[in-house]
Amino acid sequence: MAKSKTKYLAIDIDPEGLIAVAGSDRVEHAFAWLPGSEHGPPAFTPETAKQLGQLLRARLDAAGFPVAPLVVGIGREKAILKDVKFPGAAPDEETRLVHHQAMKELGDFRAVFDYVPLPDPADANGERRAIVVALKTDFFESVKAFVQGGGWKTLAGVTLRPYAIAAGLGEALASGQAPPLPSAEAAAAVVSLSPQGGEFTVIRGGAVVFTRAVPPQSLETDTALLNEIRRNLTTYDSQNASRPIVALYVPEAQHMLGGWFGKLDGALPIPVHSYDPVVSAASPPAEKQRGRFAGAVGLLAARGAGLPVNLAAPRQAKKKTDPKKPLMIAAAIAAGLLIVVGGVFGYMAVSAADETVAQKQEEKTKLEKLIAEADPDAKRIAAADAWQKRSVNYLDELFDLADRMPANDTVRVNKITGTAQRVDKTGKQNGQAVLVLSVGAKNPLAASELVSAIDRDNTKDRRFYVGTSKTIGGADTHANAHNQLATITTTLNHRSPAEYTRYPSFTPPRRGVIPAAAPEPEKKPTEEPKEAIDEQP
């Protein structure tokens, strides 16, 4: 029996289970533990991580997997990504600057983090950009417990699935398994999906420059999926107008009936291609599972040390050695000799220092008095800031609402009511306001999609909208196409101006063409004006 050439074992922690491949220049072994003919594995948690490692190791041994250094991939939704800027500097100083900026951005967030510089050149101010990847410390400890439970001795790398998928696409393009791009620097998107969501990743010049998690609710209907993909394409292209996305790739078995490729092909403004990530495997897995192997095969392609982001061995700032240290030692010796020889002068210097200390002590006392006097003003400013945080910026809310409205005009808002939430006797406030939208839609699903769009603005750390719900209100016989009535209710939490991040683009009207004004409809005497937003102080 020939000796295995396996160099790495790659395990992808999928939302539904665990996927593993092993090999060197090609995939020699492939294994998926997913729901199907049997129940899938327990959910990956700090409590189950070690046991999962033991169970998976037993299954891999039974499947003939060899022992090899381990590379682990995790989903985009498990980490926080920050786009930071830093001045151009030498590699050692660059790491120090990015670490400092990351600590400012993350605050007291306990995390293991690494970063990768983006391939873009420095801007007009000489600043460059990097993506900082932060993984919560407790989840990273769970990964280590998983590795320990499986008995793997060498953990060669831990990275996010988008970086593994980028490496896998690069290998597929180089081998001709995926249709080529117009140029090596062209931007391409990869959509990797499973029943529990997935990732939308943009790769340019072999580097990940943009990645977003695809939430599970976006997969409920083909329309919701297309809207999610179009939204991500528009977001990236609006920020990179000179380098737009030229193609979209979907990892899955070629020509698979009912696959994601068939849902997207021809429905987007760019070409859509598919590629089979395990087409070269010695024993390929089932056809419907092949797309799920994109992350694991990409981990194998990156081969641990080549990972641009490796949370198991993140970039560290090296300690700088001072070349002037010998001179400083010589200067210290000379200074000592001078002190011995010039004792008198030293005594005079000590006397002068005592006077300086007394003067500084007096200045310190004055500053402490000024701080004490300013304390009431600081408390008033803090109280004013707390009062301001109980408000809602309705103009920004209306701006975001306009951006969420579908481009195909399937939903129209008939009335908007905003009611401020009062503070109870204990000083607590259950949200800052309640927003009620009375809408008319062409079909019941359109209002549900608006509810989903509102919920998607919530982040993992901040919930701006709480308890968003929809109530069906029947049909409006006086309306034309938008006759399906519904009421959407949600509780608003305060946002700072920086937390409103939507930047919608609108197509301006053609200049020089003024459409004829439509005749104003005659108002009925009993018609009441539409209710405006009711904002209470």
# chains A, B, ... in the order shown; residues from 1 in each chain; ligands from 1

$ residues_around --residues "A:Leu219" --least-positions-apart "2" --cutoff "12 Å" --atoms "only C-alpha atoms" --output "MDAnalysis selection string"
chainID A and resid 193:198 214:217 221:229 260 263 449 452

$ write_last_selection --atoms "N, CA and C atoms" --output "mmCIF file, in the first residue's frame"
data_model
loop_
_atom_site.group_PDB
_atom_site.id
_atom_site.type_symbol
_atom_site.label_atom_id
_atom_site.label_comp_id
_atom_site.auth_asym_id
_atom_site.auth_seq_id
_atom_site.Cartn_x
_atom_site.Cartn_y
_atom_site.Cartn_z
ATOM 1 N N LEU A 193 -23.332 28.988 0.010
ATOM 2 C CA LEU A 193 -24.595 28.913 0.750
ATOM 3 C C LEU A 193 -24.849 27.513 1.290
ATOM 4 N N SER A 194 -25.583 27.496 2.394
ATOM 5 C CA SER A 194 -26.105 26.263 2.984
ATOM 6 C C SER A 194 -27.517 26.574 3.455
ATOM 7 N N PRO A 195 -28.291 25.593 3.902
ATOM 8 C CA PRO A 195 -29.654 25.896 4.376
ATOM 9 C C PRO A 195 -29.704 26.876 5.539
ATOM 10 N N GLN A 196 -28.579 27.074 6.240
ATOM 11 C CA GLN A 196 -28.549 27.978 7.387
ATOM 12 C C GLN A 196 -27.877 29.310 7.068
ATOM 13 N N GLY A 197 -27.768 29.671 5.796
ATOM 14 C CA GLY A 197 -27.146 30.944 5.431
ATOM 15 C C GLY A 197 -25.840 30.709 4.701
ATOM 16 N N GLY A 198 -24.947 31.685 4.786
ATOM 17 C CA GLY A 198 -23.665 31.534 4.112
ATOM 18 C C GLY A 198 -22.896 32.830 4.080
ATOM 19 N N VAL A 214 -24.605 36.001 4.843
ATOM 20 C CA VAL A 214 -25.937 35.906 4.233
ATOM 21 C C VAL A 214 -26.865 35.278 5.279
ATOM 22 N N PRO A 215 -27.846 36.030 5.804
ATOM 23 C CA PRO A 215 -28.691 35.496 6.873
ATOM 24 C C PRO A 215 -29.615 34.397 6.364
ATOM 25 N N PRO A 216 -30.045 33.485 7.252
ATOM 26 C CA PRO A 216 -30.905 32.370 6.824
ATOM 27 C C PRO A 216 -32.220 32.831 6.211
ATOM 28 N N GLN A 217 -32.780 33.959 6.698
ATOM 29 C CA GLN A 217 -34.079 34.393 6.163
ATOM 30 C C GLN A 217 -33.989 34.832 4.699
ATOM 31 N N THR A 221 -37.036 32.528 0.114
ATOM 32 C CA THR A 221 -37.605 32.576 -1.229
ATOM 33 C C THR A 221 -36.523 32.967 -2.223
ATOM 34 N N ASP A 222 -36.730 32.647 -3.501
ATOM 35 C CA ASP A 222 -35.773 33.053 -4.536
ATOM 36 C C ASP A 222 -35.681 34.571 -4.620
ATOM 37 N N THR A 223 -36.809 35.256 -4.429
ATOM 38 C CA THR A 223 -36.813 36.726 -4.486
ATOM 39 C C THR A 223 -35.961 37.312 -3.366
ATOM 40 N N ALA A 224 -36.101 36.768 -2.161
ATOM 41 C CA ALA A 224 -35.319 37.271 -1.037
ATOM 42 C C ALA A 224 -33.828 37.048 -1.278
ATOM 43 N N LEU A 225 -33.451 35.895 -1.843
ATOM 44 C CA LEU A 225 -32.046 35.618 -2.144
ATOM 45 C C LEU A 225 -31.508 36.599 -3.176
ATOM 46 N N LEU A 226 -32.262 36.808 -4.248
ATOM 47 C CA LEU A 226 -31.801 37.744 -5.286
ATOM 48 C C LEU A 226 -31.665 39.158 -4.727
ATOM 49 N N ASN A 227 -32.607 39.573 -3.886
ATOM 50 C CA ASN A 227 -32.523 40.906 -3.283
ATOM 51 C C ASN A 227 -31.284 41.038 -2.412
ATOM 52 N N GLU A 228 -30.958 39.986 -1.660
ATOM 53 C CA GLU A 228 -29.771 40.012 -0.800
ATOM 54 C C GLU A 228 -28.500 40.123 -1.646
ATOM 55 N N ILE A 229 -28.409 39.333 -2.724
ATOM 56 C CA ILE A 229 -27.223 39.373 -3.579
ATOM 57 C C ILE A 229 -27.109 40.730 -4.273
ATOM 58 N N TRP A 260 -28.140 26.416 -6.372
ATOM 59 C CA TRP A 260 -28.149 27.887 -6.230
ATOM 60 C C TRP A 260 -27.821 28.559 -7.552
ATOM 61 N N LYS A 263 -30.757 29.397 -9.636
ATOM 62 C CA LYS A 263 -31.596 30.483 -9.122
ATOM 63 C C LYS A 263 -31.013 31.856 -9.457
ATOM 64 N N GLU A 449 -41.300 40.975 3.494
ATOM 65 C CA GLU A 449 -39.925 41.282 3.107
ATOM 66 C C GLU A 449 -39.463 42.612 3.696
ATOM 67 N N SER A 452 -38.459 41.838 7.206
ATOM 68 C CA SER A 452 -37.144 41.206 7.215
ATOM 69 C C SER A 452 -36.043 42.245 6.986
#

$ closest_residue --among "A:Val246, A:Ala63, A:Val21, A:Ala213" --to "A:Ala79" --atoms "only C-alpha atoms"
A:Ala213

$ residues_around --residues "stretch 288-293 of chain A" --least-positions-apart "5" --cutoff "6 Å" --atoms "only C-alpha atoms" --output "list in words"
Pro251, Glu252 and Ala253 of chain A

$ select_by_dssp --residues "stretch 19-140 of chain A" --states "alpha helix (DSSP H)" --output "ChimeraX atom specification"
/A:49-62,91-106,137-140

$ residues_around --residues "stretch 236-240 of chain A" --least-positions-apart "6" --cutoff "12 Å" --atoms "only C-alpha atoms" --output "ChimeraX atom specification"
/A:120,186-189,200-204,209-212,229-230,246,502-506

$ residues_around --residues "A:Glu38" --least-positions-apart "5" --cutoff "12 Å" --atoms "only C-alpha atoms" --output "JSON, numbers by chain"
{"A": [17, 32, 33]}

$ write_last_selection --atoms "N, CA and C atoms" --output "PDB file, in the first residue's frame"
ATOM      1  N   GLY A  17     -23.143  21.386  10.780  1.00  0.00           N
ATOM      2  CA  GLY A  17     -22.356  20.225  11.148  1.00  0.00           C
ATOM      3  C   GLY A  17     -20.878  20.451  10.937  1.00  0.00           C
ATOM      4  N   ALA A  32     -18.351  14.427   5.317  1.00  0.00           N
ATOM      5  CA  ALA A  32     -19.315  15.421   5.787  1.00  0.00           C
ATOM      6  C   ALA A  32     -20.218  14.792   6.839  1.00  0.00           C
ATOM      7  N   TRP A  33     -20.320  15.461   7.989  1.00  0.00           N
ATOM      8  CA  TRP A  33     -21.231  15.025   9.053  1.00  0.00           C
ATOM      9  C   TRP A  33     -22.343  16.050   9.126  1.00  0.00           C
TER      10      TRP A  33
END

$ select_by_dssp --residues "stretch 328-458 of chain A" --states "strand (DSSP E)" --output "PyMOL selection string"
chain A and resi 411-420+433-441

$ write_last_selection --atoms "C-alpha atoms" --output "PDB file, in the first residue's frame"
ATOM      1  CA  VAL A 411     -44.934  48.118  -1.117  1.00  0.00           C
ATOM      2  CA  ARG A 412     -46.116  51.667  -0.386  1.00  0.00           C
ATOM      3  CA  VAL A 413     -46.283  53.332   3.011  1.00  0.00           C
ATOM      4  CA  ASN A 414     -49.640  55.013   3.600  1.00  0.00           C
ATOM      5  CA  LYS A 415     -49.069  56.383   7.083  1.00  0.00           C
ATOM      6  CA  ILE A 416     -46.196  56.648   9.590  1.00  0.00           C
ATOM      7  CA  THR A 417     -46.774  57.115  13.319  1.00  0.00           C
ATOM      8  CA  GLY A 418     -43.938  57.587  15.808  1.00  0.00           C
ATOM      9  CA  THR A 419     -44.739  57.611  19.539  1.00  0.00           C
ATOM     10  CA  ALA A 420     -42.059  58.420  22.094  1.00  0.00           C
ATOM     11  CA  ALA A 433     -40.115  55.191  20.454  1.00  0.00           C
ATOM     12  CA  VAL A 434     -42.675  52.913  18.830  1.00  0.00           C
ATOM     13  CA  LEU A 435     -42.878  53.218  15.039  1.00  0.00           C
ATOM     14  CA  VAL A 436     -46.056  52.096  13.262  1.00  0.00           C
ATOM     15  CA  LEU A 437     -46.127  51.805   9.460  1.00  0.00           C
ATOM     16  CA  SER A 438     -49.442  51.435   7.675  1.00  0.00           C
ATOM     17  CA  VAL A 439     -48.578  49.933   4.293  1.00  0.00           C
ATOM     18  CA  GLY A 440     -50.288  48.826   1.141  1.00  0.00           C
ATOM     19  CA  ALA A 441     -48.723  46.021  -0.854  1.00  0.00           C
TER      20      ALA A 441
END

$ residues_around --residues "A:Ala296" --least-positions-apart "2" --cutoff "6 Å" --atoms "only C-alpha atoms" --output "CSV table (one decimal) with C-alpha atoms, in the first residue's frame"
chain,number,residue,atom,x,y,z
A,10,ALA,CA,-8.9,20.7,7.1
A,11,ILE,CA,-12.1,20.9,9.1
A,12,ASP,CA,-14.8,23.5,8.4
A,293,PHE,CA,-16.9,21.7,0.7
A,294,ALA,CA,-15.8,25.0,-0.7
A,298,GLY,CA,-10.0,26.3,0.4
A,299,LEU,CA,-8.4,25.6,3.8

$ residues_around --residues "A:Tyr8" --least-positions-apart "5" --cutoff "7 Å" --atoms "only C-alpha atoms" --output "PDB file with N, CA and C atoms, in the first residue's frame"
ATOM      1  N   ALA A  22      -8.819  15.989   3.539  1.00  0.00           N
ATOM      2  CA  ALA A  22      -7.403  15.787   3.799  1.00  0.00           C
ATOM      3  C   ALA A  22      -6.699  15.574   2.481  1.00  0.00           C
ATOM      4  N   GLY A  23      -5.449  16.026   2.407  1.00  0.00           N
ATOM      5  CA  GLY A  23      -4.688  15.852   1.186  1.00  0.00           C
ATOM      6  C   GLY A  23      -3.515  16.787   1.126  1.00  0.00           C
ATOM      7  N   SER A  24      -2.900  16.870  -0.052  1.00  0.00           N
ATOM      8  CA  SER A  24      -1.752  17.742  -0.272  1.00  0.00           C
ATOM      9  C   SER A  24      -1.996  18.564  -1.528  1.00  0.00           C
ATOM     10  N   ALA A  68      -2.652  14.324  10.554  1.00  0.00           N
ATOM     11  CA  ALA A  68      -1.911  15.398   9.888  1.00  0.00           C
ATOM     12  C   ALA A  68      -2.160  16.698  10.629  1.00  0.00           C
ATOM     13  N   PRO A  69      -1.316  17.739  10.416  1.00  0.00           N
ATOM     14  CA  PRO A  69      -1.574  19.050  11.016  1.00  0.00           C
ATOM     15  C   PRO A  69      -2.959  19.561  10.630  1.00  0.00           C
ATOM     16  N   LEU A  70      -3.611  20.226  11.571  1.00  0.00           N
ATOM     17  CA  LEU A  70      -5.020  20.595  11.429  1.00  0.00           C
ATOM     18  C   LEU A  70      -5.176  22.076  11.091  1.00  0.00           C
ATOM     19  N   LEU A 300      -7.478  23.696   2.667  1.00  0.00           N
ATOM     20  CA  LEU A 300      -6.411  22.817   2.186  1.00  0.00           C
ATOM     21  C   LEU A 300      -5.545  23.548   1.158  1.00  0.00           C
ATOM     22  N   ARG A 303      -3.155  25.863   2.897  1.00  0.00           N
ATOM     23  CA  ARG A 303      -2.096  25.097   3.566  1.00  0.00           C
ATOM     24  C   ARG A 303      -1.526  25.799   4.799  1.00  0.00           C
TER      25      ARG A 303
END
